[in-house]
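Chemist: Below is a structure I'd like to ask you about.
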Amino acid sequence: MIHSAKPRIVIYGVGLFGTMTAQLVRARGWPIVAAYNRAGDKVGKDLGVLAGEEPWGICVEDSDQANFSGLEADVAIMATTDRLAQNMTGYARMLGAGLNVICHGSEAYFARGIDMSLHDEIDAMAKANGVSFLGTGVWDYSRIWSGILVAGPCQNIERLFHKSITNIGESKYTDVVGIGFTQEKFAETIGKVPGPIGGIYKTIPQHVLYGLGYTIKDVTEKREPVLYEHPVWCAALDKNIEPGISAGTRIVVNVTTDEGVTASAHIELRVFEAGEEDNMLWQVIGNPSSDLRTVRRDSGTASAACMVNRVRDIIAAPPGINLVCELGPIKTTALEPTP
């Protein structure tokens, strides 16, 4: 592994988060060595143009056809899918090329809570190549570290509670969370099967408890429709969501530990009413009890910025899988020199 004063970056996945991250990397003055994407109309195009800027002279390569040997870079920033299993080929390519990997996928934050066999495979690949792996993004500060920090003053803890609301009513992901579904359709497509988001959010209270030193014993998750008693306007669908029709998904998670401390989470991804804003609340019930509320106003930029601001952390981290709870709270790069 060759290190430089300015970390050399590979962008793997040039969708929304990949291009946003590339813009922030360029703004820091760090070189982007290469960019990769699955086959499609983005392959062969200039990364700068895809990011909405002038050409940067970086041509996006087909990730299935590219030769990764001799790739002289420090960190690969991956923004592909949330699922570990779907990302394994990409992990193998980047870790195998001797690059530290930062992954935006939600399951990457706490792989041990998703699939221990995949966790061990990723960990082994990273250690075999002397590099490190990290899952990060907007959850880093808004969900994981906020939960750890609120428990900091406690002399004893009885239980933790996490609640969040995220506005999906203005996005393209209405189907993902069942907005506009009947209760019967919701049950069949989201409630009874994992679907696109099932199993992802359960890792949040697990990760926080693990970061606090507790031993996870059992985890349960259920997904239920968010129902209003009055019509609510959904901008993405250009219509009202009527009473009794799903306005989104509520994910309810309960975690127990060997030590007896529990955590629960209510994650709501739904249509917002007037005046609401994305926010995350952590409550610790213990001695002393306290609350910490985080408001996010630009989640996309925050996710990309967290990946960029963790670059030096992951370069300095020990080989293998690392967790944000182990690397310390994320630090700003505002004072780092830029071009």
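Letters A, B, ... go to the chains of the structure tokens in the order shown; residues in each chain start at 1; ligands are counted from 1 in the same order.
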Please provide the set of residues having any atom within 6 Å of Phe161 of chain A, restricted to only C-alpha atoms, with same-chain residues fewer than 2 positions apart removed, written as a list in words.

Modeler: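 My list of contacting residues is Ala263, Ser264, Ala265, Trp282 and Gln283 of chain A.
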
Chemist: Considering only strand (DSSP E) as DSSP defines it on the backbone, what residues of segment 67-222 of chain A qualify? List them as a count of residues only.

Modeler: 31

Chemist: With a distance cut-off of 9 Å and only C-alpha atoms, select the neighbouring residues of segment 247-260 of chain A, excluding the residue or stretch itself and same-chain residues fewer than 5 positions from it, and output the selection as a PDB file with N, CA and C atoms, in the first residue's frame.

Modeler:
```pdb
ATOM      1  N   GLU A 158     -30.716   1.436  31.862  1.00  0.00           N
ATOM      2  CA  GLU A 158     -31.785   0.439  31.837  1.00  0.00           C
ATOM      3  C   GLU A 158     -32.151   0.083  30.405  1.00  0.00           C
ATOM      4  N   ARG A 159     -32.372   1.114  29.586  1.00  0.00           N
ATOM      5  CA  ARG A 159     -32.746   0.845  28.197  1.00  0.00           C
ATOM      6  C   ARG A 159     -32.496   2.085  27.345  1.00  0.00           C
ATOM      7  N   ILE A 168     -40.172  10.532   2.752  1.00  0.00           N
ATOM      8  CA  ILE A 168     -40.067   9.799   1.486  1.00  0.00           C
ATOM      9  C   ILE A 168     -41.123  10.275   0.499  1.00  0.00           C
ATOM     10  N   GLY A 169     -42.030  11.112   0.972  1.00  0.00           N
ATOM     11  CA  GLY A 169     -43.151  11.533   0.141  1.00  0.00           C
ATOM     12  C   GLY A 169     -42.797  12.432  -1.021  1.00  0.00           C
ATOM     13  N   THR A 174     -41.244   5.877  -3.226  1.00  0.00           N
ATOM     14  CA  THR A 174     -42.541   5.658  -2.585  1.00  0.00           C
ATOM     15  C   THR A 174     -42.927   4.177  -2.556  1.00  0.00           C
ATOM     16  N   ASP A 175     -42.661   3.455  -3.640  1.00  0.00           N
ATOM     17  CA  ASP A 175     -42.998   2.024  -3.671  1.00  0.00           C
ATOM     18  C   ASP A 175     -42.178   1.223  -2.673  1.00  0.00           C
ATOM     19  N   VAL A 176     -40.936   1.647  -2.465  1.00  0.00           N
ATOM     20  CA  VAL A 176     -40.035   0.923  -1.556  1.00  0.00           C
ATOM     21  C   VAL A 176     -40.614   0.858  -0.149  1.00  0.00           C
ATOM     22  N   VAL A 177     -41.288   1.938   0.273  1.00  0.00           N
ATOM     23  CA  VAL A 177     -41.849   1.983   1.626  1.00  0.00           C
ATOM     24  C   VAL A 177     -43.368   1.832   1.629  1.00  0.00           C
ATOM     25  N   GLY A 178     -43.940   1.507   0.480  1.00  0.00           N
ATOM     26  CA  GLY A 178     -45.366   1.185   0.432  1.00  0.00           C
ATOM     27  C   GLY A 178     -46.309   2.364   0.471  1.00  0.00           C
ATOM     28  N   ILE A 179     -45.872   3.535   0.065  1.00  0.00           N
ATOM     29  CA  ILE A 179     -46.768   4.688   0.053  1.00  0.00           C
ATOM     30  C   ILE A 179     -47.846   4.495  -1.020  1.00  0.00           C
ATOM     31  N   GLY A 180     -49.100   4.621  -0.606  1.00  0.00           N
ATOM     32  CA  GLY A 180     -50.214   4.420  -1.524  1.00  0.00           C
ATOM     33  C   GLY A 180     -50.715   2.989  -1.594  1.00  0.00           C
ATOM     34  N   PHE A 181     -50.088   2.076  -0.833  1.00  0.00           N
ATOM     35  CA  PHE A 181     -50.504   0.668  -0.840  1.00  0.00           C
ATOM     36  C   PHE A 181     -51.716   0.476   0.084  1.00  0.00           C
ATOM     37  N   PHE A 186     -49.557  -3.973   1.396  1.00  0.00           N
ATOM     38  CA  PHE A 186     -48.391  -3.699   2.237  1.00  0.00           C
ATOM     39  C   PHE A 186     -47.960  -4.979   2.963  1.00  0.00           C
ATOM     40  N   ILE A 190     -44.271  -5.975   1.877  1.00  0.00           N
ATOM     41  CA  ILE A 190     -43.302  -5.356   2.788  1.00  0.00           C
ATOM     42  C   ILE A 190     -43.351  -5.976   4.182  1.00  0.00           C
ATOM     43  N   GLY A 191     -44.552  -6.196   4.691  1.00  0.00           N
ATOM     44  CA  GLY A 191     -44.679  -6.714   6.050  1.00  0.00           C
ATOM     45  C   GLY A 191     -44.189  -8.138   6.223  1.00  0.00           C
ATOM     46  N   GLY A 198     -36.037  -4.300   4.419  1.00  0.00           N
ATOM     47  CA  GLY A 198     -36.132  -5.178   5.582  1.00  0.00           C
ATOM     48  C   GLY A 198     -34.770  -5.630   6.063  1.00  0.00           C
ATOM     49  N   TYR A 201     -32.379  -1.578   8.985  1.00  0.00           N
ATOM     50  CA  TYR A 201     -32.411  -0.627  10.102  1.00  0.00           C
ATOM     51  C   TYR A 201     -32.254  -1.290  11.464  1.00  0.00           C
ATOM     52  N   LYS A 202     -32.403  -2.595  11.528  1.00  0.00           N
ATOM     53  CA  LYS A 202     -32.229  -3.266  12.818  1.00  0.00           C
ATOM     54  C   LYS A 202     -30.796  -3.153  13.331  1.00  0.00           C
ATOM     55  N   PRO A 205     -29.697   0.023  16.450  1.00  0.00           N
ATOM     56  CA  PRO A 205     -29.552  -0.180  17.900  1.00  0.00           C
ATOM     57  C   PRO A 205     -28.521  -1.247  18.246  1.00  0.00           C
ATOM     58  N   GLN A 206     -28.351  -2.235  17.367  1.00  0.00           N
ATOM     59  CA  GLN A 206     -27.298  -3.232  17.604  1.00  0.00           C
ATOM     60  C   GLN A 206     -25.927  -2.559  17.647  1.00  0.00           C
ATOM     61  N   LEU A 209     -25.451  -0.417  20.851  1.00  0.00           N
ATOM     62  CA  LEU A 209     -25.212  -1.250  22.025  1.00  0.00           C
ATOM     63  C   LEU A 209     -23.822  -1.886  21.977  1.00  0.00           C
ATOM     64  N   TYR A 214     -21.920  -3.677  25.117  1.00  0.00           N
ATOM     65  CA  TYR A 214     -22.862  -4.737  25.469  1.00  0.00           C
ATOM     66  C   TYR A 214     -22.782  -5.902  24.477  1.00  0.00           C
ATOM     67  N   THR A 215     -23.229  -7.060  24.929  1.00  0.00           N
ATOM     68  CA  THR A 215     -23.224  -8.277  24.116  1.00  0.00           C
ATOM     69  C   THR A 215     -24.633  -8.536  23.589  1.00  0.00           C
ATOM     70  N   ILE A 216     -24.797  -8.500  22.274  1.00  0.00           N
ATOM     71  CA  ILE A 216     -26.117  -8.668  21.665  1.00  0.00           C
ATOM     72  C   ILE A 216     -26.608 -10.101  21.863  1.00  0.00           C
ATOM     73  N   LYS A 217     -27.832 -10.226  22.368  1.00  0.00           N
ATOM     74  CA  LYS A 217     -28.426 -11.539  22.616  1.00  0.00           C
ATOM     75  C   LYS A 217     -29.471 -11.886  21.562  1.00  0.00           C
ATOM     76  N   ASP A 218     -30.422 -10.980  21.343  1.00  0.00           N
ATOM     77  CA  ASP A 218     -31.514 -11.276  20.412  1.00  0.00           C
ATOM     78  C   ASP A 218     -31.980  -9.973  19.750  1.00  0.00           C
ATOM     79  N   VAL A 219     -32.414 -10.107  18.486  1.00  0.00           N
ATOM     80  CA  VAL A 219     -32.894  -8.950  17.725  1.00  0.00           C
ATOM     81  C   VAL A 219     -34.173  -9.348  16.997  1.00  0.00           C
ATOM     82  N   THR A 220     -35.202  -8.522  17.103  1.00  0.00           N
ATOM     83  CA  THR A 220     -36.430  -8.756  16.348  1.00  0.00           C
ATOM     84  C   THR A 220     -36.776  -7.491  15.563  1.00  0.00           C
ATOM     85  N   GLU A 221     -37.446  -7.693  14.436  1.00  0.00           N
ATOM     86  CA  GLU A 221     -37.875  -6.569  13.618  1.00  0.00           C
ATOM     87  C   GLU A 221     -39.241  -6.868  13.021  1.00  0.00           C
ATOM     88  N   LYS A 222     -40.109  -5.872  13.000  1.00  0.00           N
ATOM     89  CA  LYS A 222     -41.358  -5.982  12.260  1.00  0.00           C
ATOM     90  C   LYS A 222     -41.570  -4.698  11.472  1.00  0.00           C
ATOM     91  N   ARG A 223     -42.260  -4.828  10.339  1.00  0.00           N
ATOM     92  CA  ARG A 223     -42.531  -3.687   9.468  1.00  0.00           C
ATOM     93  C   ARG A 223     -44.039  -3.524   9.351  1.00  0.00           C
ATOM     94  N   GLU A 224     -44.519  -2.322   9.621  1.00  0.00           N
ATOM     95  CA  GLU A 224     -45.949  -2.067   9.613  1.00  0.00           C
ATOM     96  C   GLU A 224     -46.242  -0.774   8.863  1.00  0.00           C
ATOM     97  N   PRO A 225     -47.449  -0.628   8.301  1.00  0.00           N
ATOM     98  CA  PRO A 225     -47.760   0.595   7.568  1.00  0.00           C
ATOM     99  C   PRO A 225     -47.998   1.771   8.504  1.00  0.00           C
ATOM    100  N   VAL A 226     -47.593   2.960   8.063  1.00  0.00           N
ATOM    101  CA  VAL A 226     -47.936   4.190   8.761  1.00  0.00           C
ATOM    102  C   VAL A 226     -49.291   4.641   8.223  1.00  0.00           C
ATOM    103  N   LEU A 227     -50.272   4.788   9.111  1.00  0.00           N
ATOM    104  CA  LEU A 227     -51.631   5.136   8.711  1.00  0.00           C
ATOM    105  C   LEU A 227     -52.039   6.456   9.349  1.00  0.00           C
ATOM    106  N   TYR A 228     -52.654   7.326   8.569  1.00  0.00           N
ATOM    107  CA  TYR A 228     -53.183   8.591   9.074  1.00  0.00           C
ATOM    108  C   TYR A 228     -54.703   8.508   9.186  1.00  0.00           C
ATOM    109  N   VAL A 232     -53.358  12.996   3.638  1.00  0.00           N
ATOM    110  CA  VAL A 232     -52.075  13.707   3.613  1.00  0.00           C
ATOM    111  C   VAL A 232     -51.586  13.755   2.169  1.00  0.00           C
ATOM    112  N   CYS A 234     -49.152  13.657  -0.906  1.00  0.00           N
ATOM    113  CA  CYS A 234     -47.883  13.059  -1.315  1.00  0.00           C
ATOM    114  C   CYS A 234     -47.455  13.721  -2.621  1.00  0.00           C
ATOM    115  N   ILE A 241     -52.968  10.802   0.178  1.00  0.00           N
ATOM    116  CA  ILE A 241     -53.031   9.450   0.715  1.00  0.00           C
ATOM    117  C   ILE A 241     -54.184   9.437   1.705  1.00  0.00           C
ATOM    118  N   GLU A 242     -55.188   8.646   1.419  1.00  0.00           N
ATOM    119  CA  GLU A 242     -56.411   8.659   2.203  1.00  0.00           C
ATOM    120  C   GLU A 242     -56.267   7.849   3.491  1.00  0.00           C
ATOM    121  N   ALA A 265     -36.218   0.601  18.657  1.00  0.00           N
ATOM    122  CA  ALA A 265     -36.167   1.653  17.646  1.00  0.00           C
ATOM    123  C   ALA A 265     -37.465   1.662  16.863  1.00  0.00           C
ATOM    124  N   HIS A 266     -37.979   2.855  16.585  1.00  0.00           N
ATOM    125  CA  HIS A 266     -39.121   3.060  15.706  1.00  0.00           C
ATOM    126  C   HIS A 266     -38.640   3.956  14.568  1.00  0.00           C
ATOM    127  N   ILE A 267     -38.441   3.365  13.395  1.00  0.00           N
ATOM    128  CA  ILE A 267     -37.927   4.083  12.232  1.00  0.00           C
ATOM    129  C   ILE A 267     -39.091   4.299  11.269  1.00  0.00           C
ATOM    130  N   GLU A 268     -39.445   5.542  11.003  1.00  0.00           N
ATOM    131  CA  GLU A 268     -40.561   5.833  10.102  1.00  0.00           C
ATOM    132  C   GLU A 268     -40.052   6.486   8.824  1.00  0.00           C
ATOM    133  N   LEU A 269     -40.379   5.860   7.691  1.00  0.00           N
ATOM    134  CA  LEU A 269     -40.050   6.352   6.361  1.00  0.00           C
ATOM    135  C   LEU A 269     -41.384   6.607   5.678  1.00  0.00           C
ATOM    136  N   ARG A 270     -41.797   7.877   5.556  1.00  0.00           N
ATOM    137  CA  ARG A 270     -43.198   8.136   5.243  1.00  0.00           C
ATOM    138  C   ARG A 270     -43.415   9.502   4.608  1.00  0.00           C
ATOM    139  N   VAL A 271     -44.679   9.772   4.311  1.00  0.00           N
ATOM    140  CA  VAL A 271     -45.113  11.092   3.870  1.00  0.00           C
ATOM    141  C   VAL A 271     -45.145  12.022   5.081  1.00  0.00           C
ATOM    142  N   PHE A 272     -44.616  13.202   4.916  1.00  0.00           N
ATOM    143  CA  PHE A 272     -44.617  14.176   6.005  1.00  0.00           C
ATOM    144  C   PHE A 272     -45.843  15.076   5.937  1.00  0.00           C
TER     145      PHE A 272
END
```

Chemist: Which of these residues is nearest to Gly286 of chain A, using only C-alpha atoms: A:Pro153, A:Pro319, A:Gly211, A:Pro243?

Modeler: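 With only C-alpha atoms as the atom set, the closest residue is A:Pro153.
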
Chemist: If you count only C-alpha atoms, which residues fall within 7 Å of Ile144 of chain A, apart from same-chain ones fewer than 6 positions away, as a count of residues only?

Modeler: 3

Chemist: What's the 10 Å shell around Ala128 of chain A, counting only C-alpha atoms, without same-chain residues fewer than 6 positions away, as a ChimeraX atom specification?

Modeler: /A:95-96,98,122,319-320

Chemist: Counting only C-alpha atoms, which of A:Gly52, A:Gly213, A:Pro196, A:Gly15 gets nearest to Ala35 of chain A?

Modeler: A:Gly15

Chemist: Taking the DSSP assignment computed from this structure's backbone, write out as a PyMOL selection string all residues of segment 67-304 of chain A that belong to alpha helix (DSSP H).

Modeler: chain A and resi 84-96+116-128+139+146-150+183-186+203-211+299-304

Chemist: Take the selection from the previous step and output its residues with C-alpha atoms, as a PDB file, in the first residue's frame.

Modeler:
```pdb
ATOM      1  CA  LEU A  84     -23.617  -6.887   1.570  1.00  0.00           C
ATOM      2  CA  ALA A  85     -24.310  -9.948  -0.570  1.00  0.00           C
ATOM      3  CA  GLN A  86     -24.779  -7.833  -3.702  1.00  0.00           C
ATOM      4  CA  ASN A  87     -21.584  -5.890  -3.022  1.00  0.00           C
ATOM      5  CA  MET A  88     -19.250  -8.823  -2.416  1.00  0.00           C
ATOM      6  CA  THR A  89     -17.833  -8.872  -5.948  1.00  0.00           C
ATOM      7  CA  GLY A  90     -16.961  -5.191  -5.696  1.00  0.00           C
ATOM      8  CA  TYR A  91     -15.424  -5.674  -2.259  1.00  0.00           C
ATOM      9  CA  ALA A  92     -13.270  -8.513  -3.589  1.00  0.00           C
ATOM     10  CA  ARG A  93     -12.077  -6.372  -6.506  1.00  0.00           C
ATOM     11  CA  MET A  94     -11.109  -3.347  -4.431  1.00  0.00           C
ATOM     12  CA  LEU A  95      -9.724  -5.147  -1.386  1.00  0.00           C
ATOM     13  CA  GLY A  96      -7.916  -7.562  -3.691  1.00  0.00           C
ATOM     14  CA  MET A 116     -21.622 -13.347  10.208  1.00  0.00           C
ATOM     15  CA  SER A 117     -20.297 -15.494   7.359  1.00  0.00           C
ATOM     16  CA  LEU A 118     -20.139 -12.474   5.032  1.00  0.00           C
ATOM     17  CA  HIS A 119     -18.605 -10.405   7.837  1.00  0.00           C
ATOM     18  CA  ASP A 120     -15.862 -12.987   8.263  1.00  0.00           C
ATOM     19  CA  GLU A 121     -15.270 -13.194   4.501  1.00  0.00           C
ATOM     20  CA  ILE A 122     -14.882  -9.429   4.149  1.00  0.00           C
ATOM     21  CA  ASP A 123     -12.676  -9.270   7.242  1.00  0.00           C
ATOM     22  CA  ALA A 124     -10.460 -12.066   5.917  1.00  0.00           C
ATOM     23  CA  MET A 125     -10.110 -10.430   2.478  1.00  0.00           C
ATOM     24  CA  ALA A 126      -9.141  -7.115   4.023  1.00  0.00           C
ATOM     25  CA  LYS A 127      -6.589  -8.649   6.394  1.00  0.00           C
ATOM     26  CA  ALA A 128      -5.090 -10.827   3.653  1.00  0.00           C
ATOM     27  CA  TRP A 139     -25.857   7.377   9.913  1.00  0.00           C
ATOM     28  CA  SER A 146     -25.495  10.302  18.575  1.00  0.00           C
ATOM     29  CA  GLY A 147     -26.697   7.154  20.370  1.00  0.00           C
ATOM     30  CA  ILE A 148     -23.295   6.507  21.885  1.00  0.00           C
ATOM     31  CA  LEU A 149     -22.807  10.108  23.002  1.00  0.00           C
ATOM     32  CA  VAL A 150     -26.177  10.422  24.754  1.00  0.00           C
ATOM     33  CA  GLN A 183     -52.954  -2.578   4.003  1.00  0.00           C
ATOM     34  CA  GLU A 184     -53.316  -5.972   2.313  1.00  0.00           C
ATOM     35  CA  LYS A 185     -50.754  -5.135  -0.383  1.00  0.00           C
ATOM     36  CA  PHE A 186     -48.391  -3.699   2.237  1.00  0.00           C
ATOM     37  CA  THR A 203     -28.459  -2.809  12.838  1.00  0.00           C
ATOM     38  CA  ILE A 204     -28.724   0.719  14.261  1.00  0.00           C
ATOM     39  CA  PRO A 205     -29.552  -0.180  17.900  1.00  0.00           C
ATOM     40  CA  GLN A 206     -27.298  -3.232  17.604  1.00  0.00           C
ATOM     41  CA  HIS A 207     -24.378  -1.066  16.547  1.00  0.00           C
ATOM     42  CA  VAL A 208     -24.940   1.444  19.354  1.00  0.00           C
ATOM     43  CA  LEU A 209     -25.212  -1.250  22.025  1.00  0.00           C
ATOM     44  CA  TYR A 210     -22.090  -2.959  20.639  1.00  0.00           C
ATOM     45  CA  GLY A 211     -20.269   0.384  20.693  1.00  0.00           C
ATOM     46  CA  SER A 299     -28.881  13.963   4.013  1.00  0.00           C
ATOM     47  CA  GLY A 300     -27.358  13.386   0.593  1.00  0.00           C
ATOM     48  CA  THR A 301     -24.487  15.803   1.042  1.00  0.00           C
ATOM     49  CA  ALA A 302     -24.026  14.629   4.637  1.00  0.00           C
ATOM     50  CA  SER A 303     -23.640  11.007   3.497  1.00  0.00           C
ATOM     51  CA  ALA A 304     -21.047  11.926   0.897  1.00  0.00           C
TER      52      ALA A 304
END
```

Chemist: Given only C-alpha atoms as the basis, pick out the residue of A:Pro339, A:Pro329, A:Gly13, A:Gly44 nearest to Asp313 of chain A.

Modeler: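 Closest to Asp313 of chain A of all the choices is A:Pro329.
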
Chemist: Write out as an MDAnalysis selection string each polymer residue whose atoms come within 6 Å of segment 57-68 of chain A, counting only C-alpha atoms; drop sequence neighbours fewer than 5 positions from it.

Modeler: chainID A and resid 35:39 43:47

Chemist: Go ahead and write the selection's residues with C-alpha atoms as a PDB file, in the first residue's frame.

Modeler:
```pdb
ATOM      1  CA  ALA A  35     -14.020   5.510 -11.584  1.00  0.00           C
ATOM      2  CA  TYR A  36     -16.053   2.351 -12.185  1.00  0.00           C
ATOM      3  CA  ASN A  37     -19.681   1.506 -12.739  1.00  0.00           C
ATOM      4  CA  ARG A  38     -21.725  -1.458 -13.874  1.00  0.00           C
ATOM      5  CA  ALA A  39     -22.407  -1.734 -17.613  1.00  0.00           C
ATOM      6  CA  VAL A  43     -19.624   3.724 -18.834  1.00  0.00           C
ATOM      7  CA  GLY A  44     -17.316   5.606 -21.187  1.00  0.00           C
ATOM      8  CA  LYS A  45     -18.479   9.016 -20.002  1.00  0.00           C
ATOM      9  CA  ASP A  46     -16.381  11.567 -18.152  1.00  0.00           C
ATOM     10  CA  LEU A  47     -16.908  11.523 -14.387  1.00  0.00           C
TER      11      LEU A  47
END
```

Chemist: Given the choices A:Thr136, A:Thr21, A:Ser164, A:Asn129, which gets closest to Asn322 of chain A if the distance is worked out from only C-alpha atoms?

Modeler: A:Thr136

Chemist: What is the distance between atom CA of Arg143 of chain A and atom CA of Tyr109 of chain A, in Å to one decimal?

Modeler: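 Those two atoms sit 11.1 Å apart.
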
Chemist: Extract, using only C-alpha atoms, all DNA, RNA and protein residues at most 6 Å from Ile32 of chain A, discarding same-chain residues fewer than 3 positions from it, and format them as a list in words.

Modeler: Arg8, Ile9 and Val10 of chain A

Chemist: What separation in Å, quoted to one decimal, exists between atom CA of Ala187 of chain A and atom CA of Met280 of chain A?

Modeler: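 That distance, rounded to one decimal, is 25.9 Å.
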
Chemist: Hey, which of A:Val261, A:Ile165, A:Ala305, A:Val25 ends up closest to Arg293 of chain A? Count only C-alpha atoms.

Modeler: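 For Arg293 of chain A, the nearest of the given residues is A:Ile165.
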
Chemist: Which is closest to Ser69 of chain A among A:Ala151, A:Val311, A:Ala97, A:Leu160, if we use only C-alpha atoms?

Modeler: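 Under the stated criterion, the closest residue is A:Ala97.
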
Chemist: State, in Å with one decimal place, the distance from atom CA of Thr338 of chain A to atom CA of Ala22 of chain A.

Modeler: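 Computing it gives 14.6 Å between the two atoms.
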